[in-house]
Amino acid sequence: MHKGFVINVLKWNVDCTSHLVNLHRREGGIMNRLVIRSVFSAVLLLALLSLPSIASADSILWTLTGVTFSDGGTASGSFMFNGTTFSSIDITTSLGNTYTTISPVFMSSDTTLWLGAPGGDLTGTPILGLLFDGPLVNSGGTVTDNLSLGDLAGGEGNCIDAVCSDTTAGRSITGGGATSTVSVVTPEPSALSLLCVALAALLAGVAIRKASQA
């Protein structure tokens, strides 16, 4: 008679129990991983808080330095730039012209700044073009971006018609640039950042306590 399948309980207990998962050991392993992850999170948050950053708002202040024209005139003043948009423009030339707005005639960018009347009939209105040798970028410290020089570079003139299709033979830029200074500081931790660190530390403490009780 064929015997059915019978599990040798004694042999199973002797040979196989050593391979069964001990629940306490398993829980301890999970807790150990939780401890490591929690501590790692806390350390990471603290590291992020201690990283230096650029102490500036969205825009950086650029100040004209040593800007001269071919007739011996000068330009002075400043503007703000955030990488895409100009603001707080206040530039004056030795002809008595003050520029506070972007000219709609030519396109301004991170290498070109055109200033003049904002619109309407532009006939006879002054226009100032500042063409920089490189993009207006400052990642910290003092940076001077020199102006392009010569007749084909920037300069100051007057619009000859309502749409400023051309300008009078004005004066070209012969020197100077724009300078900005940005300090690198360690920021004060925000309330939210401190809360995250405290939460990570709390999780680590709970995990350690549970692991010690397992």
# chains A, B, ... in the order shown; residues from 1 in each chain; ligands from 1

$ residues_around --residues "Phe106 of chain A" --least-positions-apart "3" --cutoff "12 Å" --atoms "only C-alpha atoms" --output "list in words"
Ile102, Ser103, Ser109, Thr112, Leu113, Trp114, Leu115, Gly116, Ala117, Pro118, Ile127, Leu128, Gly129, Leu130, Leu131, Val163, Cys164, Ser165 and Asp166 of chain A

$ write_last_selection --atoms "N, CA and C atoms" --output "mmCIF file, in the first residue's frame"
data_model
loop_
_atom_site.group_PDB
_atom_site.id
_atom_site.type_symbol
_atom_site.label_atom_id
_atom_site.label_comp_id
_atom_site.auth_asym_id
_atom_site.auth_seq_id
_atom_site.Cartn_x
_atom_site.Cartn_y
_atom_site.Cartn_z
ATOM 1 N N ILE A 102 13.000 100.994 -20.499
ATOM 2 C CA ILE A 102 13.503 100.231 -21.630
ATOM 3 C C ILE A 102 12.923 100.787 -22.924
ATOM 4 N N SER A 103 13.758 100.916 -23.954
ATOM 5 C CA SER A 103 13.274 101.371 -25.250
ATOM 6 C C SER A 103 12.555 100.226 -25.963
ATOM 7 N N SER A 109 18.562 92.364 -23.612
ATOM 8 C CA SER A 109 18.812 90.999 -23.158
ATOM 9 C C SER A 109 19.882 91.039 -22.079
ATOM 10 N N THR A 112 22.605 93.156 -23.740
ATOM 11 C CA THR A 112 22.264 94.414 -24.407
ATOM 12 C C THR A 112 21.170 95.138 -23.642
ATOM 13 N N LEU A 113 21.381 96.422 -23.411
ATOM 14 C CA LEU A 113 20.382 97.234 -22.716
ATOM 15 C C LEU A 113 20.128 98.497 -23.531
ATOM 16 N N TRP A 114 18.891 98.627 -24.040
ATOM 17 C CA TRP A 114 18.490 99.808 -24.809
ATOM 18 C C TRP A 114 17.523 100.628 -23.974
ATOM 19 N N LEU A 115 17.855 101.902 -23.786
ATOM 20 C CA LEU A 115 17.051 102.783 -22.954
ATOM 21 C C LEU A 115 16.541 103.955 -23.771
ATOM 22 N N GLY A 116 15.318 104.399 -23.455
ATOM 23 C CA GLY A 116 14.743 105.529 -24.163
ATOM 24 C C GLY A 116 13.299 105.725 -23.773
ATOM 25 N N ALA A 117 12.575 106.511 -24.569
ATOM 26 C CA ALA A 117 11.157 106.742 -24.302
ATOM 27 C C ALA A 117 10.391 105.432 -24.442
ATOM 28 N N PRO A 118 9.395 105.184 -23.574
ATOM 29 C CA PRO A 118 8.696 103.902 -23.591
ATOM 30 C C PRO A 118 7.738 103.710 -24.754
ATOM 31 N N ILE A 127 18.095 108.132 -27.148
ATOM 32 C CA ILE A 127 18.160 106.687 -26.969
ATOM 33 C C ILE A 127 19.592 106.308 -26.628
ATOM 34 N N LEU A 128 19.735 105.388 -25.686
ATOM 35 C CA LEU A 128 21.050 104.969 -25.211
ATOM 36 C C LEU A 128 21.166 103.457 -25.332
ATOM 37 N N GLY A 129 22.228 103.001 -25.985
ATOM 38 C CA GLY A 129 22.455 101.569 -26.125
ATOM 39 C C GLY A 129 23.719 101.139 -25.391
ATOM 40 N N LEU A 130 23.577 100.159 -24.510
ATOM 41 C CA LEU A 130 24.714 99.600 -23.774
ATOM 42 C C LEU A 130 24.877 98.139 -24.185
ATOM 43 N N LEU A 131 25.967 97.833 -24.872
ATOM 44 C CA LEU A 131 26.243 96.476 -25.339
ATOM 45 C C LEU A 131 27.424 95.922 -24.548
ATOM 46 N N VAL A 163 8.909 106.159 -35.224
ATOM 47 C CA VAL A 163 9.153 104.766 -34.825
ATOM 48 C C VAL A 163 10.628 104.499 -34.585
ATOM 49 N N CYS A 164 11.448 105.544 -34.647
ATOM 50 C CA CYS A 164 12.884 105.438 -34.419
ATOM 51 C C CYS A 164 13.511 104.378 -35.333
ATOM 52 N N SER A 165 13.188 104.517 -36.640
ATOM 53 C CA SER A 165 13.760 103.584 -37.610
ATOM 54 C C SER A 165 15.266 103.767 -37.752
ATOM 55 N N ASP A 166 15.766 104.921 -37.324
ATOM 56 C CA ASP A 166 17.200 105.195 -37.326
ATOM 57 C C ASP A 166 17.470 106.310 -36.331
#

$ select_by_dssp --residues "segment 55-128 of chain A" --states "strand (DSSP E)" --output "count of residues only"
36

$ atom_distance --atom1 "atom CA of Ser139 of chain A" --atom2 "atom CA of Phe86 of chain A"
17.6 Å

$ closest_residue --among "A:Leu122, A:Ala162, A:Leu95, A:Leu147" --to "Pro135 of chain A" --atoms "only C-alpha atoms"
A:Leu147

$ residues_around --residues "Leu64 of chain A" --least-positions-apart "6" --cutoff "10 Å" --atoms "only C-alpha atoms" --output "ChimeraX atom specification"
/A:75-79,91,144-147,176-180

$ atom_distance --atom1 "atom CA of Asp151 of chain A" --atom2 "atom CA of Thr167 of chain A"
12.9 Å

$ atom_distance --atom1 "atom CA of Phe69 of chain A" --atom2 "atom CA of Val182 of chain A"
28.1 Å

$ closest_residue --among "A:Asn97, A:Ile89, A:Thr111, A:Ile60" --to "Gly134 of chain A" --atoms "only C-alpha atoms"
A:Thr111
